[in-house]
Every structure is written in C-alpha cells, then in structure tokens.
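Everything below belongs to data-v3.txt, which stores compact mmCIF, C-alpha atoms.
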# COMPACT_ATOMS: atom_id res chain seq x y z
CA MET Q 814 -61.61 -11.93 22.69
CA PHE Q 815 -60.98 -15.37 24.21
CA CYS Q 816 -58.02 -17.21 22.67
CA PRO Q 817 -57.39 -20.75 23.97
CA VAL Q 818 -53.65 -20.70 23.18
CA ILE Q 819 -52.98 -17.40 24.93
CA THR Q 820 -55.16 -18.29 27.92
CA LEU Q 821 -53.31 -21.57 28.45
CA ALA Q 822 -49.91 -19.90 27.97
CA GLN Q 823 -50.84 -17.36 30.65
CA GLN Q 824 -51.86 -20.13 33.05
CA LEU Q 825 -48.48 -21.80 32.58
CA ILE Q 826 -46.44 -18.59 32.86
CA LYS Q 827 -48.09 -17.81 36.21
CA ARG Q 828 -46.37 -20.87 37.65
CA PRO Q 829 -42.78 -19.92 38.72
CA SER Q 830 -41.35 -23.23 37.53
CA LEU Q 831 -37.65 -22.57 38.00
CA SER Q 832 -35.72 -25.61 36.80
CA PRO Q 833 -36.14 -28.42 37.81
CA HIS Q 834 -39.39 -27.49 39.55
CA ASP Q 835 -42.68 -27.78 37.70
CA GLU Q 836 -45.02 -25.95 40.09
CA GLY Q 837 -48.15 -27.57 38.68
CA CYS Q 838 -47.62 -26.79 34.99
CA GLN Q 839 -47.68 -30.44 33.94
CA GLN Q 840 -50.86 -31.12 35.88
CA ILE Q 841 -52.61 -28.40 33.87
CA MET Q 842 -51.45 -30.06 30.64
CA ILE Q 843 -52.29 -33.58 31.87
CA GLU Q 844 -55.87 -32.63 32.73
CA ARG Q 845 -56.36 -31.10 29.28
CA LEU Q 846 -54.92 -34.16 27.53
CA LYS Q 847 -56.87 -36.69 29.60
CA ALA Q 848 -60.06 -34.80 28.72
CA ILE Q 849 -59.53 -35.65 25.04
CA GLY Q 850 -58.69 -39.30 25.55
CA PHE Q 851 -54.96 -39.39 26.22
CA THR Q 852 -53.42 -42.05 28.43
CA VAL Q 853 -50.90 -40.33 30.69
CA GLU Q 854 -47.93 -42.02 32.35
CA GLU Q 855 -46.04 -39.95 34.89
CA MET Q 856 -42.35 -40.84 34.79
CA ASN Q 857 -40.66 -38.93 37.57
CA PHE Q 858 -36.98 -39.30 38.42
CA GLY Q 859 -35.28 -37.66 41.39
CA ASP Q 860 -36.35 -34.03 41.62
CA THR Q 861 -37.76 -33.96 38.09
CA LEU Q 862 -41.34 -34.38 36.91
CA ASN Q 863 -41.90 -35.93 33.49
CA PHE Q 864 -44.84 -37.41 31.67
CA TRP Q 865 -45.40 -39.52 28.58
CA ALA Q 866 -48.90 -39.31 27.10
CA TRP Q 867 -50.39 -40.97 24.04
CA ARG Q 868 -53.63 -41.34 22.13
CA GLY Q 869 -54.68 -43.58 19.24
CA GLY Q 870 -52.50 -45.68 17.02
CA HIS Q 871 -52.17 -49.39 16.42
CA ASN Q 872 -49.56 -51.78 15.08
CA GLY Q 873 -47.92 -50.44 11.97
CA THR Q 874 -49.10 -46.85 12.31
CA PRO Q 875 -46.58 -44.08 13.03
CA THR Q 876 -46.11 -42.22 16.30
CA LEU Q 877 -45.71 -38.44 16.31
CA ALA Q 878 -44.53 -37.03 19.64
CA PHE Q 879 -44.47 -33.40 20.70
CA ALA Q 880 -41.69 -32.70 23.20
CA GLY Q 881 -41.00 -29.79 25.50
CA HIS Q 882 -40.18 -28.55 28.98
CA THR Q 883 -42.13 -26.71 31.66
CA ASP Q 884 -39.08 -25.41 33.53
CA VAL Q 885 -37.67 -21.93 33.00
CA VAL Q 886 -34.47 -20.06 33.84
CA PRO Q 887 -34.41 -17.52 36.71
CA ALA Q 888 -35.87 -14.10 35.98
CA GLY Q 889 -32.86 -12.20 37.34
CA ASP Q 890 -33.37 -8.77 38.85
CA GLU Q 891 -37.14 -8.39 38.70
CA SER Q 892 -36.88 -4.60 39.01
CA HIS Q 893 -35.59 -4.57 35.43
CA TRP Q 894 -38.79 -6.14 34.12
CA HIS Q 895 -41.60 -3.90 32.87
CA GLN Q 896 -43.96 -6.15 34.84
CA PRO Q 897 -43.41 -9.07 37.27
CA PRO Q 898 -41.97 -11.98 35.25
CA PHE Q 899 -44.57 -14.48 36.46
CA GLU Q 900 -47.56 -12.23 35.90
CA PRO Q 901 -48.25 -12.68 32.18
CA THR Q 902 -49.11 -9.42 30.48
CA ILE Q 903 -50.22 -8.59 26.96
CA GLN Q 904 -48.94 -5.27 25.68
CA ASP Q 905 -48.86 -4.01 22.09
CA GLY Q 906 -49.71 -7.49 20.83
CA PHE Q 907 -46.93 -9.24 22.75
CA LEU Q 908 -47.29 -11.71 25.60
CA TYR Q 909 -44.70 -10.94 28.29
CA GLY Q 910 -43.49 -13.27 31.01
CA ARG Q 911 -40.72 -15.72 31.84
CA GLY Q 912 -41.19 -18.73 29.61
CA ALA Q 913 -43.42 -16.97 27.07
CA ALA Q 914 -40.99 -17.91 24.28
CA ASP Q 915 -38.97 -20.64 25.99
CA MET Q 916 -41.17 -22.56 26.00
CA LYS Q 917 -44.55 -22.32 27.68
CA GLY Q 918 -45.98 -20.59 24.62
CA SER Q 919 -45.08 -23.64 22.54
CA LEU Q 920 -46.57 -26.00 25.11
CA ALA Q 921 -49.86 -24.11 25.00
CA ALA Q 922 -49.80 -24.19 21.20
CA MET Q 923 -49.20 -27.97 21.26
CA VAL Q 924 -52.04 -28.77 23.65
CA VAL Q 925 -54.58 -26.60 21.86
CA ALA Q 926 -53.46 -28.04 18.51
CA ALA Q 927 -54.05 -31.54 19.89
CA GLU Q 928 -57.52 -30.56 21.13
CA ARG Q 929 -58.48 -29.20 17.73
CA PHE Q 930 -56.95 -32.16 15.91
CA VAL Q 931 -58.77 -34.74 18.05
CA ALA Q 932 -62.07 -32.88 17.71
CA ALA Q 933 -61.73 -32.99 13.92
CA ASN Q 934 -60.18 -36.49 13.76
CA PRO Q 935 -61.42 -38.52 16.74
CA ASN Q 936 -60.44 -41.80 15.09
CA HIS Q 937 -57.03 -40.80 13.75
CA SER Q 938 -54.97 -43.82 12.72
CA GLY Q 939 -51.52 -42.79 13.94
CA ARG Q 940 -50.48 -42.33 17.56
CA LEU Q 941 -50.19 -38.79 18.91
CA ALA Q 942 -47.90 -38.45 21.94
CA PHE Q 943 -46.40 -35.90 24.33
CA LEU Q 944 -43.03 -36.11 26.13
CA ILE Q 945 -42.78 -33.33 28.71
CA THR Q 946 -40.07 -32.68 31.32
CA SER Q 947 -39.26 -30.12 34.03
CA ASP Q 948 -35.48 -30.48 33.69
CA GLU Q 949 -34.20 -29.05 30.41
CA GLU Q 950 -32.78 -25.70 31.46
CA ALA Q 951 -30.60 -27.02 34.30
CA SER Q 952 -28.77 -30.33 34.59
CA ALA Q 953 -30.99 -32.32 32.16
CA VAL Q 954 -30.05 -35.58 33.90
CA ASN Q 955 -33.45 -36.70 35.22
CA GLY Q 956 -35.62 -35.43 32.40
CA THR Q 957 -36.01 -36.39 28.76
CA VAL Q 958 -32.89 -38.57 28.77
CA LYS Q 959 -34.36 -40.82 31.49
CA VAL Q 960 -37.76 -41.01 29.81
CA VAL Q 961 -36.11 -41.96 26.53
CA GLU Q 962 -34.10 -44.68 28.28
CA ALA Q 963 -37.28 -46.09 29.80
CA LEU Q 964 -39.17 -45.98 26.50
CA ALA Q 965 -36.29 -47.61 24.65
CA ALA Q 966 -36.01 -50.36 27.28
CA ARG Q 967 -39.58 -51.42 26.56
CA ARG Q 968 -39.09 -50.99 22.81
CA GLU Q 969 -41.44 -48.08 22.31
CA ARG Q 970 -41.21 -46.70 18.78
CA VAL Q 971 -41.33 -42.98 18.14
CA ASP Q 972 -41.15 -42.27 14.43
CA TYR Q 973 -41.38 -38.48 14.47
CA CYS Q 974 -40.79 -35.88 17.14
CA LEU Q 975 -41.37 -32.15 17.09
CA VAL Q 976 -39.60 -30.18 19.82
CA GLY Q 977 -41.14 -26.80 20.55
CA GLU Q 978 -37.89 -24.94 21.22
CA PRO Q 979 -37.89 -21.33 19.97
CA SER Q 980 -36.23 -21.93 16.60
CA SER Q 981 -37.44 -18.86 14.70
CA THR Q 982 -35.36 -15.73 14.27
CA GLU Q 983 -37.38 -12.95 12.61
CA ARG Q 984 -40.84 -14.45 12.12
CA VAL Q 985 -42.42 -17.67 13.26
CA GLY Q 986 -41.40 -20.56 11.03
CA ASP Q 987 -38.56 -18.83 9.20
CA VAL Q 988 -36.08 -21.34 10.71
CA VAL Q 989 -36.59 -25.01 11.50
CA LYS Q 990 -33.81 -26.86 13.29
CA ASN Q 991 -33.43 -30.29 11.70
CA GLY Q 992 -30.32 -31.20 13.67
CA ARG Q 993 -27.91 -30.01 16.34
CA ARG Q 994 -24.18 -30.10 16.83
CA GLY Q 995 -22.65 -32.34 19.45
CA SER Q 996 -21.17 -30.85 22.61
CA ILE Q 997 -18.26 -32.16 24.66
CA THR Q 998 -16.31 -30.33 27.37
CA ALA Q 999 -12.80 -31.01 28.63
CA ASN Q 1000 -11.72 -30.15 32.18
CA LEU Q 1001 -7.94 -30.22 31.96
CA THR Q 1002 -5.40 -29.78 34.75
CA ILE Q 1003 -1.75 -29.28 33.80
CA HIS Q 1004 0.56 -30.31 36.65
CA GLY Q 1005 3.76 -28.42 37.44
CA THR Q 1006 5.82 -27.67 40.53
CA GLN Q 1007 5.09 -24.64 42.70
CA GLY Q 1008 7.99 -22.42 43.67
CA HIS Q 1009 9.39 -18.92 44.18
CA VAL Q 1010 9.58 -16.79 41.03
CA ALA Q 1011 13.15 -15.83 41.96
CA TYR Q 1012 14.18 -19.49 41.96
CA SER Q 1013 12.47 -20.67 38.79
CA HIS Q 1014 15.04 -23.44 38.28
CA LEU Q 1015 13.56 -25.13 41.36
CA ALA Q 1016 10.01 -25.01 39.99
CA ASP Q 1017 8.12 -26.09 36.88
CA ASN Q 1018 5.65 -23.49 35.62
CA PRO Q 1019 2.56 -25.24 34.16
CA VAL Q 1020 1.43 -22.03 32.43
CA HIS Q 1021 4.67 -21.88 30.45
CA ARG Q 1022 4.51 -25.59 29.78
CA ALA Q 1023 0.92 -25.42 28.53
CA THR Q 1024 1.23 -22.37 26.27
CA PRO Q 1025 2.43 -24.26 23.13
CA PHE Q 1026 -0.34 -26.83 23.64
CA ILE Q 1027 -3.00 -24.11 24.00
CA ASN Q 1028 -1.68 -22.39 20.90
CA GLU Q 1029 -2.02 -25.61 18.92
CA LEU Q 1030 -5.47 -26.30 20.39
CA VAL Q 1031 -6.73 -22.86 19.35
CA ASN Q 1032 -5.27 -22.98 15.85
CA THR Q 1033 -6.27 -26.51 14.87
CA GLU Q 1034 -8.83 -26.92 12.09
CA TRP Q 1035 -10.91 -29.79 13.39
CA ASP Q 1036 -13.01 -30.17 10.27
CA ARG Q 1037 -14.65 -28.05 7.60
CA GLY Q 1038 -18.22 -29.01 8.36
CA ASN Q 1039 -20.53 -30.26 5.62
CA GLU Q 1040 -23.69 -29.26 3.80
CA PHE Q 1041 -25.71 -29.52 7.01
CA PHE Q 1042 -23.27 -28.41 9.71
CA PRO Q 1043 -20.80 -25.56 10.15
CA ALA Q 1044 -17.19 -26.45 10.95
CA THR Q 1045 -16.52 -27.75 14.44
CA SER Q 1046 -15.81 -24.96 16.93
CA MET Q 1047 -13.49 -25.24 19.91
CA GLN Q 1048 -13.70 -22.49 22.54
CA ILE Q 1049 -11.73 -22.07 25.77
CA ALA Q 1050 -14.21 -21.18 28.50
CA ASN Q 1051 -12.06 -20.92 31.65
CA ILE Q 1052 -8.39 -20.71 32.64
CA ARG Q 1053 -7.17 -20.63 36.25
CA ALA Q 1054 -3.68 -20.68 37.74
CA GLY Q 1055 -1.69 -19.12 40.54
CA THR Q 1056 -2.24 -18.21 44.17
CA GLY Q 1057 -2.88 -14.53 43.59
CA SER Q 1058 0.64 -13.64 44.64
CA ASN Q 1059 3.13 -12.15 42.19
CA ASN Q 1060 6.07 -14.07 43.61
CA VAL Q 1061 4.71 -17.63 43.42
CA ILE Q 1062 5.02 -19.92 40.41
CA PRO Q 1063 1.78 -21.93 40.30
CA GLY Q 1064 1.80 -25.67 40.80
CA GLU Q 1065 -1.21 -26.32 38.59
CA MET Q 1066 -3.13 -24.75 35.73
CA PHE Q 1067 -6.77 -25.50 34.94
CA VAL Q 1068 -8.17 -25.11 31.43
CA GLN Q 1069 -11.77 -25.79 30.44
CA PHE Q 1070 -12.70 -25.95 26.77
CA ASN Q 1071 -15.75 -27.01 24.79
CA PHE Q 1072 -16.27 -28.46 21.32
CA ARG Q 1073 -19.46 -27.92 19.35
CA TYR Q 1074 -18.87 -30.53 16.71
CA SER Q 1075 -20.39 -31.66 13.45
CA THR Q 1076 -21.15 -35.11 12.10
CA GLU Q 1077 -17.70 -35.04 10.50
CA LEU Q 1078 -16.27 -36.01 13.90
CA THR Q 1079 -17.09 -38.30 16.78
CA HIS Q 1080 -16.45 -37.44 20.40
CA GLU Q 1081 -13.97 -40.35 20.53
CA GLN Q 1082 -11.95 -38.76 17.72
CA ILE Q 1083 -11.89 -35.42 19.52
CA MET Q 1084 -10.72 -36.99 22.76
CA HIS Q 1085 -8.02 -38.99 20.97
CA GLN Q 1086 -6.72 -35.95 19.09
CA VAL Q 1087 -6.56 -33.75 22.19
CA GLN Q 1088 -4.79 -36.40 24.22
CA ALA Q 1089 -2.30 -36.95 21.39
CA MET Q 1090 -1.52 -33.22 21.53
CA LEU Q 1091 -0.97 -33.39 25.28
CA GLU Q 1092 1.42 -36.31 24.89
CA ARG Q 1093 3.25 -34.59 22.05
CA HIS Q 1094 3.88 -31.55 24.24
CA GLN Q 1095 5.09 -33.85 27.04
CA LEU Q 1096 2.72 -32.44 29.62
CA ARG Q 1097 1.83 -33.95 32.95
CA TYR Q 1098 -1.93 -33.71 33.06
CA THR Q 1099 -5.27 -34.94 34.32
CA ILE Q 1100 -8.28 -34.64 32.03
CA GLU Q 1101 -11.99 -35.28 32.52
CA TRP Q 1102 -14.50 -35.27 29.67
CA ASN Q 1103 -18.20 -34.44 29.79
CA LEU Q 1104 -20.26 -35.43 26.75
CA SER Q 1105 -23.44 -33.33 26.75
CA GLY Q 1106 -24.84 -34.65 23.50
CA LYS Q 1107 -23.98 -36.26 20.20
CA PRO Q 1108 -24.80 -34.51 16.93
CA PHE Q 1109 -27.96 -35.53 15.13
CA LEU Q 1110 -29.48 -34.77 11.75
CA THR Q 1111 -32.92 -35.35 10.31
CA PRO Q 1112 -32.64 -35.21 6.52
CA ARG Q 1113 -35.52 -34.39 4.24
CA GLY Q 1114 -38.29 -36.93 4.63
CA LYS Q 1115 -41.84 -37.18 5.90
CA LEU Q 1116 -41.32 -35.08 9.04
CA VAL Q 1117 -39.26 -32.29 7.48
CA ASP Q 1118 -41.65 -32.17 4.53
CA ALA Q 1119 -44.71 -32.00 6.79
CA VAL Q 1120 -43.21 -29.23 8.90
CA SER Q 1121 -42.09 -27.27 5.85
CA HIS Q 1122 -45.52 -27.57 4.26
CA ALA Q 1123 -47.26 -26.41 7.46
CA VAL Q 1124 -45.02 -23.35 7.67
CA GLU Q 1125 -45.52 -22.55 3.99
CA TYR Q 1126 -49.30 -22.95 4.36
CA TYR Q 1127 -49.70 -20.62 7.34
CA ALA Q 1128 -46.73 -18.26 7.10
CA ALA Q 1129 -46.29 -18.09 3.32
CA THR Q 1130 -42.56 -18.65 3.73
CA THR Q 1131 -40.24 -21.58 3.11
CA PRO Q 1132 -38.37 -22.36 6.35
CA GLN Q 1133 -34.61 -22.47 6.39
CA LEU Q 1134 -33.23 -25.75 7.71
CA LEU Q 1135 -30.39 -25.07 10.17
CA THR Q 1136 -28.38 -26.99 12.75
CA ASN Q 1137 -26.68 -24.10 14.56
CA GLY Q 1138 -27.21 -22.87 18.10
CA GLY Q 1139 -26.98 -24.74 21.36
CA THR Q 1140 -28.25 -28.16 22.32
CA SER Q 1141 -31.80 -29.27 23.06
CA ASP Q 1142 -33.53 -32.36 24.39
CA GLY Q 1143 -33.89 -33.42 20.77
CA ARG Q 1144 -30.41 -34.91 21.11
CA PHE Q 1145 -31.75 -37.57 23.48
CA ILE Q 1146 -34.85 -38.39 21.44
CA ALA Q 1147 -32.80 -38.75 18.24
CA GLN Q 1148 -30.90 -41.63 19.86
CA MET Q 1149 -34.07 -43.74 19.47
CA GLY Q 1150 -33.72 -43.50 15.70
CA THR Q 1151 -36.48 -40.88 15.68
CA GLN Q 1152 -36.75 -38.13 13.08
CA VAL Q 1153 -36.51 -34.92 15.14
CA VAL Q 1154 -37.08 -31.29 14.24
CA GLU Q 1155 -37.53 -28.12 16.28
CA LEU Q 1156 -40.18 -25.55 15.43
CA GLY Q 1157 -41.13 -22.80 17.83
CA PRO Q 1158 -41.52 -19.05 18.27
CA VAL Q 1159 -39.02 -16.26 17.71
CA ASN Q 1160 -36.02 -16.60 20.03
CA ALA Q 1161 -34.96 -12.93 20.27
CA THR Q 1162 -35.85 -12.54 23.97
CA ILE Q 1163 -35.26 -16.00 25.42
CA HIS Q 1164 -33.46 -16.01 28.80
CA LYS Q 1165 -33.58 -12.19 28.77
CA VAL Q 1166 -35.34 -9.60 30.90
CA ASN Q 1167 -38.81 -8.87 29.49
CA GLU Q 1168 -39.03 -12.16 27.61
CA CYS Q 1169 -41.95 -11.99 25.22
CA VAL Q 1170 -43.57 -13.52 22.17
CA LYS Q 1171 -46.02 -12.09 19.68
CA ALA Q 1172 -49.45 -13.35 20.71
CA SER Q 1173 -50.51 -13.90 17.10
CA ASP Q 1174 -47.37 -16.02 16.55
CA LEU Q 1175 -48.52 -18.51 19.18
CA GLN Q 1176 -51.90 -18.83 17.50
CA LEU Q 1177 -50.15 -19.31 14.16
CA LEU Q 1178 -47.79 -21.86 15.68
CA SER Q 1179 -50.71 -23.86 17.05
CA ARG Q 1180 -52.26 -24.04 13.58
CA MET Q 1181 -48.92 -25.21 12.17
CA TYR Q 1182 -48.71 -27.95 14.81
CA GLN Q 1183 -52.24 -29.08 13.97
CA LYS Q 1184 -51.41 -29.18 10.26
CA ILE Q 1185 -48.38 -31.38 11.00
CA MET Q 1186 -50.58 -33.78 12.98
CA GLU Q 1187 -53.04 -33.96 10.10
CA GLN Q 1188 -50.34 -34.77 7.55
CA LEU Q 1189 -48.66 -37.51 9.59
CA LEU Q 1190 -51.45 -39.17 11.57
CA VAL Q 1191 -54.66 -39.13 9.49

Please lay out the structure from this file as structure tokens.
Amino acid sequence: MFCPVITLAQQLIKRPSLSPHDEGCQQIMIERLKAIGFTVEEMNFGDTLNFWAWRGGHNGTPTLAFAGHTDVVPAGDESHWHQPPFEPTIQDGFLYGRGAADMKGSLAAMVVAAERFVAANPNHSGRLAFLITSDEEASAVNGTVKVVEALAARRERVDYCLVGEPSSTERVGDVVKNGRRGSITANLTIHGTQGHVAYSHLADNPVHRATPFINELVNTEWDRGNEFFPATSMQIANIRAGTGSNNVIPGEMFVQFNFRYSTELTHEQIMHQVQAMLERHQLRYTIEWNLSGKPFLTPRGKLVDAVSHAVEYYAATTPQLLTNGGTSDGRFIAQMGTQVVELGPVNATIHKVNECVKASDLQLLSRMYQKIMEQLLV
C-alpha cells in the first residue's frame, strides 16, 4: 500500500547526507513545497545548504515554521547493520536506515502534512514556513544560526516553531520538549613548571596545584533547578597532563568541563564563579570558553496547547513537557522571541547501528503536524 510519508522518508534516507553535506535531500523537499505554492529562498553559507520557505500569511497573521535538518551522523561499521544504512528497509513494521528517526522521518512527515493542509485549506490566513539546514549534527555554525541571523536582520517575525527532533521516548508524542538547557564548555590549562620527580622542589606540579580546585568544581551545587529545568550539571570531559614518562613532573595540565545549565543561571555567572574559584586557589591558568547555546523555555500558550491537543487527539495520551537532553537548533530560533517546541519520533535508536522508526509512527506524526497547522493558521 502506497504511503506518501514513508515513500518520501525512503527517498531522503537513500541520500548519504553526512553532515554538513545534503546530497540532494533539500532539493527533493523544495520541489514538493514549490508544487503547493511555497516561495523558497536558498540561504547557503560556506559548506552548508539551508532554505527558508513560506506560503500564505499577511500583516497581523501568525507565522508557524517547521524546522529540521537533512544531515545525519556517520553510520559507523556498516557490517554491524542488518542492511546497508542508506538503503531504507521496512521490516516488522519498522523503517530502518540512517536518519529514519533523526530526522528524515520527521521531514517527510512535515512535507506531507503541509501538502494535506494546503489541499484542505488553500487560502489559510496564517503563514506556514520551513527552515531546513544540512549542518545540525556537526559544527552547526553555518546552518540554522546563520539563517536566523539573516531573518532577524530583515525583521522577519516567526511566532511559532516546531522542531522535528526525535523527542518521544516510548511512543510517539509521549514527550514534547518545550525548552532546552544551555551548554557552555571550558577549556582550562593550569600552568606549572616541568621538572624531574626526584627534584620536586625545583618544579611546580600543576596536577597537585589543581586538585583542590577540581574538588571544589565537582562538589559545587550550582543551582537547584526550577519547575521546568533540572539542576545545572557540571561534568569533566577530559583531563591531560604529563609526557608519558614516570620521572617527569608535567609543566601543564589541561581540563575540559561542560555545564548544562538551567534558567536559574546565565553563562556570565558561570564564567565569573569558575574564575573566582581559580583565583581563590591561586592558580596560574589560561581559560577559553565556548558557549554552544543559551537555555530557552516555551511556557504554556498557543503553541504548547496546540501541540498537546494534536498529540491527545491522535495518540490518546497527554504529552509530558520536558527540557532535558542535549541541545537542538531550537536554541537559535528561540533567540528571535519565537515560541519553540520539539515533537518527533521515538529516540531509542538515534545515532545507533540499525537506526529505525515505527512506520505507523511517522504517519501518526504527520497527522499531528497537520492538526497543529490547522489550529494555528486557519
């Protein structure tokens, strides 16, 4: 039996679009959207393909954008897959292939939902839009963030945005992400003086020097979270020191640590507190900070209500609103003052060997997307 959502998802999965390459995925989507009256603006930056597409709307009516990415992570050792990762296969009701869940399945569901919506509502009052990138899984520097900057510069207004990231855990729609924690990473070098271990008085061991600081860093309670966010988490990711020899005191020690932080903190507060610790422990240091994204939250309102109602209508379950997990491109879109939520398929196999999604879930998801369009744009 022909299913438009599954057929389109298979066409996209066949394209080995390893980030930041698109391999023709966006052109497939663009042709489908143009066929139903969308204006498409390609907004490419560097090695990344992006497009912004819109249909309908006039002054005073809201804009609902669907956002997503065509790029995927590498498949890894293909011999561990039941079938080649870029040859989409349906087995026991599941669609297998790299990107099936993250997130070519969602993209297919979005496009088909738009086709059905436009067919039923050719003169819809609100503006329906798509923001698609090929750089979400890798550096994310020439993708959504650049498109958002360009849209903001010309004062485009995006009221609502649905990101198709795989938010669900057990069944489609059981979890909706209505926010994300911020992420900031510190690359810290503690400076000492290299020397012979037998003549320690002539050296200054940065590992010894840094230990009290690291102990304080690990044991600090940064905040207690709030009703929407868990407490801020600090995790040390990498530590390096020494030459590999057992008789050399190292001259430097490198420590990399990351904060996933709630709206109780700002990245400026985190940086200030860490640097105060370093000064208190009288360390000689160099530190570089990398802010990946600020936290955002979309409280209950028109978008959250529309998404919740669509899930309840088609899945007979009330979605749980959560802000946990990693980051997404929603963090860039939220900076426009846009209400942002994430609703997508079950995330159990994302980035894994034999990535898959239940075929019926994608069909259900497409109906949910269409219902959201109907509530916000008609």

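For the pair atom CA of Ile945 of chain Q and atom CA of Ile843 of chain Q, the separation is 10.0 Å.
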
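Of the residues listed (Q:Gly1057, Q:Gly1038, Q:Gly837, Q:Gly986), Q:Gly986 shows the shortest atom-to-atom separation from Leu1177 of chain Q; distances use only C-alpha atoms.
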
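Considering the residues Q:Leu1175, Q:Ile1052, Q:Val989, Q:Val954 and counting only C-alpha atoms, Ser919 of chain Q has its shortest atom-to-atom contact with Q:Leu1175.
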
Residue among Q:Asn955, Q:Ser832, Q:Thr874, Q:Ser1013 lying closest to Phe858 of chain Q, counting only C-alpha atoms: Q:Asn955

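Picture a line from atom CA of Lys1184 of chain Q to atom CA of Val988 of chain Q; it runs 17.2 Å.
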
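Between Gln1152 of chain Q and the residues Q:Ile1100, Q:Val1124, Q:Ile1062, Q:Ala878, the shortest atom-to-atom distance, using only C-alpha atoms, involves Q:Ala878.
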
Please list as a PDB file with C-alpha atoms, in the frame of the given file every residue within 9 Å of Leu1030 of chain Q, counting only C-alpha atoms and excluding residues in the same chain fewer than 4 positions away.
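Saved as result04.pdb:
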ATOM      1  CA  PRO Q1025       2.430 -24.260  23.130  1.00  0.00           C
ATOM      2  CA  PHE Q1026      -0.340 -26.830  23.640  1.00  0.00           C
ATOM      3  CA  GLU Q1034      -8.830 -26.920  12.090  1.00  0.00           C
ATOM      4  CA  MET Q1047     -13.490 -25.240  19.910  1.00  0.00           C
ATOM      5  CA  VAL Q1087      -6.560 -33.750  22.190  1.00  0.00           C
ATOM      6  CA  MET Q1090      -1.520 -33.220  21.530  1.00  0.00           C
TER       7      MET Q1090
END

Atom-to-atom span, atom CA of Ala1089 of chain Q and atom CA of Asn1137 of chain Q, Å: 28.4 Å

Polymer residues at most 12 Å from Leu920 of chain Q, all atoms listed in the file, same-chain spacing of 5 or more positions, as a ChimeraX atom specification: /Q:818-826,838-839,841-843,845-846,879-884,912-915,925-927,943-946,975-979,1156-1158,1175-1176,1178-1179,1182

Among the residues Q:Ser952, Q:Asn857, Q:Asn1018, Q:Ser1058, the one that comes closest to Thr1006 of chain Q [using only C-alpha atoms]: Q:Asn1018

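Close contacts of Asp1036 of chain Q, defined as residues with an atom at most 8 Å away when counting only C-alpha atoms, with chain neighbours fewer than 4 positions off set aside, comprise Ala1044, Thr1045, Glu1077 and Leu1078 of chain Q.
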
Gly956 of chain Q surroundings by all atoms listed in the file, 7 Å radius, close-in-sequence under 5 positions cut, as a ChimeraX atom specification: /Q:861,863,946-949

Selection: 9 Å around Trp865 of chain Q, all atoms listed in the file, excl. self and same-chain fewer than 4 positions, as a list in words: Thr852, Val853, Glu854, Glu855, Met856, Ala942, Phe943, Leu944, Ile945 and Val960 of chain Q

Counting all atoms listed in the file, the option among Q:Lys827, Q:Lys959, Q:His1122, Q:Arg1144 closest to Cys974 of chain Q: Q:Arg1144

Test item: which residues lie within 10 Å of (-16.4, -22.4, 20.5) counting all atoms listed in the file, as JSON, numbers by chain: {"Q": [996, 1031, 1045, 1046, 1047, 1048, 1049, 1050, 1070, 1071, 1072, 1073, 1074]}
